[in-house]
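S.K.: Sharing a structure here in structure tokens format.
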Amino acid sequence: MKNTSDILIVGGGLNGPALALALAQTGHGVTVVDALPRGDFEEDAFDGRSYALALASQRLLDQIGVWSRVADHAQPMLEIKASDGHAGEGAAPFFLHFDHREIEEGPMGYMIEDRFLRRAFLQAMDEEPRITLINQRRVIAQAVDQTGVTLTLENGDELRGRMLVGCDGRKSGTAARASIKRSGWDYGQTALVCAIAHEKPHHGIAHQFFMAAGPLAILPLPGNRSSIVWSEKSDMAAAIQGLNDSDYIAALKPRFGDFLGEISLTGKRFTYPLSLTIANSFIGARLALVGDAAHGMHPIAGQGLNAGLRDVGALAEVLTEATRRGEDIGSVLVLERYQQWRRFDTATLAATTDMVNKLFSNDNPLLRLGRDIGMGVVAGLPGLRRRFMREAAGLTGDMPRLLQGKAI
């Protein structure tokens, strides 16, 4: 065999490297296979892509040696404001306001640019001798036997491991080759993603503005910049994306408002079709799925990457504990523990984001009245408000040790 490791990971985005670092720290040899060239992740220019990291996710990054590399580039989210309304009319009178000072742990989360996070993962993997990174190679076949998994790459190389992890996105080839099917539906919405520069400071406040076509998230970046995740009906989104930059901003302004002064684009513009898609099983023969390969949700709660990092923490903990007990890490008994840990939490999160999107992405006057009153009730009850804040920070539920800020 060309390469032999304990664990083979397909997918070099964010979840794959995070899992590799977590497992390497506990003594596992890991090989990460990524179809993209390494140079794609080493660009210095800001391209407009950023991530909202919950506090629990930041703790995981700290534990695996990544956070210290990006902390200086991170923007704390000190407050979250969520409101309902129509473009050009301003917010409804009832809205949610979460302030990090109401919980003891600190900021509810952080915004970090894609360029800094990916580069930090690459640097951390380069410095870890237990990790082998193979770039610009597609997996064309995978075979399972009683003792392990064999991957065949497009150049004919073969990789051997005791188990395989698919971190290769919603259209996971790893899952497809294992005959794992998916369930879900299309929302008929598309997310327009970009970054803007603005005149006035954002003071670390994240905004979520619910409109009939879909939510608009305005998320603070360092300096007078913000990340935009703007959901529209797919046909309207395609028309907006086709505009030149000045007309694009003109379309955004009535939805955005003027509370941050004049706005302008910085970086590139992206679109992502929105759907709910969940693998019918998170595990297979000597196989586990992580992140979008297991579950893809609406970005309305900003939990996509955070849910993936929960998978990372849970799987790393399950495999490490199994190794210490002398178990076969690829056995169904071990992998079922991971599935039991993550499947209910994921299903609950998926159902919640689906329900919130359906509740808010419409202009039904009765539903609008009900949701506005609901936000007013939550805003007026400190105990309930703090519970929602802790949910947003990822501090509830059966948390893996890495997300608690503890070593495995």
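So you can find residues: chains in the structure tokens are A, B, ... in the order shown, residues in each start at 1, and ligands are numbered from 1 in order.
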From the DSSP assignment of the backbone, select every residue of stretch 126-184 of chain A that is helix (DSSP H, G or I), and format the answer as an MDAnalysis selection string.
M.R.: chainID A and resid 126 173:177
S.K.: Run DSSP on the backbone and tell me which residues of stretch 244-360 of chain A come out as strand (DSSP E or B); list them as a PyMOL selection string.
M.R.: chain A and resi 263-265+270-279+283-284+287-289+295-296
S.K.: Could you state the separation of atom CA of A:Leu78 and atom CA of A:Thr190 in Å, given to one decimal place?
M.R.: 27.9 Å
S.K.: Please identify all polymer residues within 7 Å of stretch 305-307 of chain A, counting only C-alpha atoms, omitting same-chain residues fewer than 3 positions from it, and present them as a ChimeraX atom specification.
M.R.: /A:53-54,57,291,310-311
S.K.: Limited to N, CA and C atoms, could you put the picked residues into a file as a short mmCIF file (atom, residue, chain, number, x, y, z; two decimals), in the first residue's frame?
M.R.:
data_model
loop_
_atom_site.label_atom_id
_atom_site.label_comp_id
_atom_site.auth_asym_id
_atom_site.auth_seq_id
_atom_site.Cartn_x
_atom_site.Cartn_y
_atom_site.Cartn_z
N LEU A 53 -18.69 31.30 14.33
CA LEU A 53 -18.31 30.23 15.24
C LEU A 53 -18.97 30.44 16.59
N ALA A 54 -19.75 29.47 17.04
CA ALA A 54 -20.31 29.52 18.38
C ALA A 54 -19.18 29.41 19.40
N SER A 57 -17.64 26.04 19.65
CA SER A 57 -16.75 25.72 18.53
C SER A 57 -15.39 26.38 18.71
N GLY A 291 -20.25 16.40 9.45
CA GLY A 291 -20.57 17.69 8.84
C GLY A 291 -21.61 17.57 7.75
N ARG A 310 -19.42 19.83 16.20
CA ARG A 310 -19.95 18.94 17.24
C ARG A 310 -19.75 17.48 16.84
N ASP A 311 -19.97 17.20 15.56
CA ASP A 311 -19.69 15.85 15.05
C ASP A 311 -18.22 15.50 15.28
#
S.K.: Quick one: which stretch 51-149 of chain A residues come within 9 Å of stretch 154-171 of chain A, and what is the nearest atom pair for each with the distance in Å to one decimal, counting only C-alpha atoms, rows ordered by chain and ascending number, as CSV?
M.R.:
residue,atom,partner,partner_atom,distance
A:Arg137,CA,A:Glu154,CA,6.4
A:Arg138,CA,A:Glu154,CA,5.6
A:Val139,CA,A:Glu154,CA,6.1
A:Ile140,CA,A:Glu154,CA,5.8
A:Ala141,CA,A:Glu154,CA,8.7
A:Val144,CA,A:Met163,CA,8.7
A:Thr147,CA,A:Arg162,CA,6.4
A:Gly148,CA,A:Arg162,CA,4.1
A:Val149,CA,A:Gly161,CA,5.3
S.K.: Residues as selected, C-alpha atoms, written as a PDB file, in the first residue's frame, can you do that?
M.R.:
ATOM      1  CA  ARG A 137      -6.412  13.786  -5.611  1.00  0.00           C
ATOM      2  CA  ARG A 138      -9.930  12.416  -6.064  1.00  0.00           C
ATOM      3  CA  VAL A 139     -11.042   9.151  -4.518  1.00  0.00           C
ATOM      4  CA  ILE A 140     -12.465   6.861  -7.211  1.00  0.00           C
ATOM      5  CA  ALA A 141     -13.128   3.707  -5.178  1.00  0.00           C
ATOM      6  CA  VAL A 144     -14.124  -2.586   3.002  1.00  0.00           C
ATOM      7  CA  THR A 147      -9.823  -5.431   9.102  1.00  0.00           C
ATOM      8  CA  GLY A 148     -10.023  -2.100   7.321  1.00  0.00           C
ATOM      9  CA  VAL A 149     -10.741   0.124   4.349  1.00  0.00           C
TER      10      VAL A 149
END
S.K.: Hey, what's within 9 Å of A:Glu232 if we count only C-alpha atoms and toss same-chain stuff fewer than 6 positions away? As a list in words, please?
M.R.: Gly188, Gln189, Thr190, Ala191, Leu192, Ala212, Ala213, Gly214, Pro215 and Leu216 of chain A
S.K.: So, counting only C-alpha atoms, which residue among A:Glu79, A:Glu128, A:Asp84, A:Asp247 is closest to A:Glu102?
M.R.: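 Among the listed residues, the smallest separation from A:Glu102 belongs to A:Glu79.
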S.K.: Quick one: distance from atom CA of A:Gln58 to atom CA of A:Ala195 in Å, one decimal?
M.R.: 21.8 Å
S.K.: At a cut-off of 7 Å, using only C-alpha atoms, what residues contact A:Ala124? Leave out same-chain residues fewer than 3 positions from it and give the result as a list of chain:residue names.
M.R.: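 Skipping anything fewer than 3 positions along the chain leaves A:Gly65, A:Val66, A:Ala120, A:Phe121, A:Glu127, A:Glu128.
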S.K.: Keeping N, CA, C and O atoms, export the residues of the selection given above as a PDB file, in the first residue's frame.
M.R.:
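Contents of selection.pdb, freshly written:
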ATOM      1  N   GLY A  65      -5.382  23.383  18.866  1.00  0.00           N
ATOM      2  CA  GLY A  65      -4.233  24.196  18.492  1.00  0.00           C
ATOM      3  C   GLY A  65      -4.433  25.118  17.312  1.00  0.00           C
ATOM      4  O   GLY A  65      -3.451  25.573  16.709  1.00  0.00           O
ATOM      5  N   VAL A  66      -5.673  25.453  16.996  1.00  0.00           N
ATOM      6  CA  VAL A  66      -5.956  26.313  15.847  1.00  0.00           C
ATOM      7  C   VAL A  66      -6.306  27.731  16.269  1.00  0.00           C
ATOM      8  O   VAL A  66      -5.935  28.705  15.598  1.00  0.00           O
ATOM      9  N   ALA A 120      -4.825  28.471   8.902  1.00  0.00           N
ATOM     10  CA  ALA A 120      -4.455  27.994  10.236  1.00  0.00           C
ATOM     11  C   ALA A 120      -4.530  26.470  10.314  1.00  0.00           C
ATOM     12  O   ALA A 120      -3.667  25.827  10.918  1.00  0.00           O
ATOM     13  N   PHE A 121      -5.552  25.885   9.692  1.00  0.00           N
ATOM     14  CA  PHE A 121      -5.654  24.427   9.666  1.00  0.00           C
ATOM     15  C   PHE A 121      -4.472  23.812   8.924  1.00  0.00           C
ATOM     16  O   PHE A 121      -3.903  22.804   9.359  1.00  0.00           O
ATOM     17  N   GLU A 127       2.476  20.864  10.982  1.00  0.00           N
ATOM     18  CA  GLU A 127       3.318  20.717  12.169  1.00  0.00           C
ATOM     19  C   GLU A 127       3.027  19.441  12.951  1.00  0.00           C
ATOM     20  O   GLU A 127       3.699  19.169  13.948  1.00  0.00           O
ATOM     21  N   GLU A 128       2.032  18.663  12.511  1.00  0.00           N
ATOM     22  CA  GLU A 128       1.646  17.442  13.223  1.00  0.00           C
ATOM     23  C   GLU A 128       2.157  16.226  12.453  1.00  0.00           C
ATOM     24  O   GLU A 128       1.650  15.898  11.391  1.00  0.00           O
TER      25      GLU A 128
END
S.K.: Within 9 Å of stretch 276-278 of chain A, counting only C-alpha atoms, which residues show up once you throw out same-chain ones fewer than 4 positions away? Write them as a PyMOL selection string, please.
M.R.: chain A and resi 170+181-187+282+292-298+346-347+350+354
S.K.: Could you write those residues out with C-alpha atoms, as an mmCIF file, in the first residue's frame?
M.R.:
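So the final result, stored in result33.cif, reads:
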data_model
loop_
_atom_site.group_PDB
_atom_site.id
_atom_site.type_symbol
_atom_site.label_atom_id
_atom_site.label_comp_id
_atom_site.auth_asym_id
_atom_site.auth_seq_id
_atom_site.Cartn_x
_atom_site.Cartn_y
_atom_site.Cartn_z
ATOM 1 C CA ARG A 170 -23.608 17.388 0.899
ATOM 2 C CA LYS A 181 -29.024 7.516 0.736
ATOM 3 C CA ARG A 182 -30.262 10.943 1.813
ATOM 4 C CA SER A 183 -33.607 12.471 2.754
ATOM 5 C CA GLY A 184 -34.701 16.089 2.520
ATOM 6 C CA TRP A 185 -36.101 18.778 0.293
ATOM 7 C CA ASP A 186 -35.260 21.973 -1.516
ATOM 8 C CA TYR A 187 -36.419 25.261 0.020
ATOM 9 C CA PHE A 282 -24.366 8.588 9.780
ATOM 10 C CA ASP A 292 -22.433 18.354 5.608
ATOM 11 C CA ALA A 293 -21.758 14.775 4.480
ATOM 12 C CA ALA A 294 -24.114 13.766 7.306
ATOM 13 C CA HIS A 295 -26.463 16.760 7.446
ATOM 14 C CA GLY A 296 -27.036 20.009 5.566
ATOM 15 C CA MET A 297 -29.414 22.616 6.985
ATOM 16 C CA HIS A 298 -30.793 26.063 6.317
ATOM 17 C CA THR A 346 -28.900 16.807 14.511
ATOM 18 C CA ALA A 347 -32.509 15.830 13.800
ATOM 19 C CA ALA A 350 -32.709 20.333 11.476
ATOM 20 C CA ASP A 354 -36.844 24.040 9.089
#
S.K.: Just the residues within 8 Å of stretch 313-316 of chain A, please, counting only C-alpha atoms, with nothing from its chain fewer than 6 positions along; format it as a compact mmCIF listing (two decimals) with C-alpha atoms, in the first residue's frame.
M.R.:
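Wrote it out as part.txt, contents follow:
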# COMPACT_ATOMS: atom_id res chain seq x y z
CA LEU A 19 -11.04 15.90 13.06
CA ALA A 22 -8.22 16.11 17.27
CA LEU A 23 -7.38 12.47 16.52
CA LEU A 60 -12.76 23.09 20.24
CA TYR A 338 -21.19 8.14 17.51
CA TRP A 341 -24.77 10.69 20.18
CA ARG A 342 -25.20 12.89 17.14
CA MET A 399 -21.47 18.38 24.67
CA PRO A 400 -18.27 16.57 23.66
CA ARG A 401 -15.30 17.33 25.89
CA LEU A 402 -13.48 19.37 23.24
CA LEU A 403 -16.45 21.74 23.00
S.K.: Under the rule that only C-alpha atoms are counted, which of A:Thr132, A:Gln404, A:Ser264, A:Thr271 is the nearest residue to A:Val229?
M.R.: A:Thr271
S.K.: Can you work out the spacing between atom CA of A:Gln303 and atom CA of A:Val290 in Å, to one decimal?
M.R.: 13.9 Å
S.K.: Name the closest residue to A:Ile240 among the candidates A:Phe270, A:His207, A:Gly405, A:Ala217; distances are taken between atoms, counting only C-alpha atoms.
M.R.: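 With only C-alpha atoms as the atom set, the closest residue is A:Phe270.
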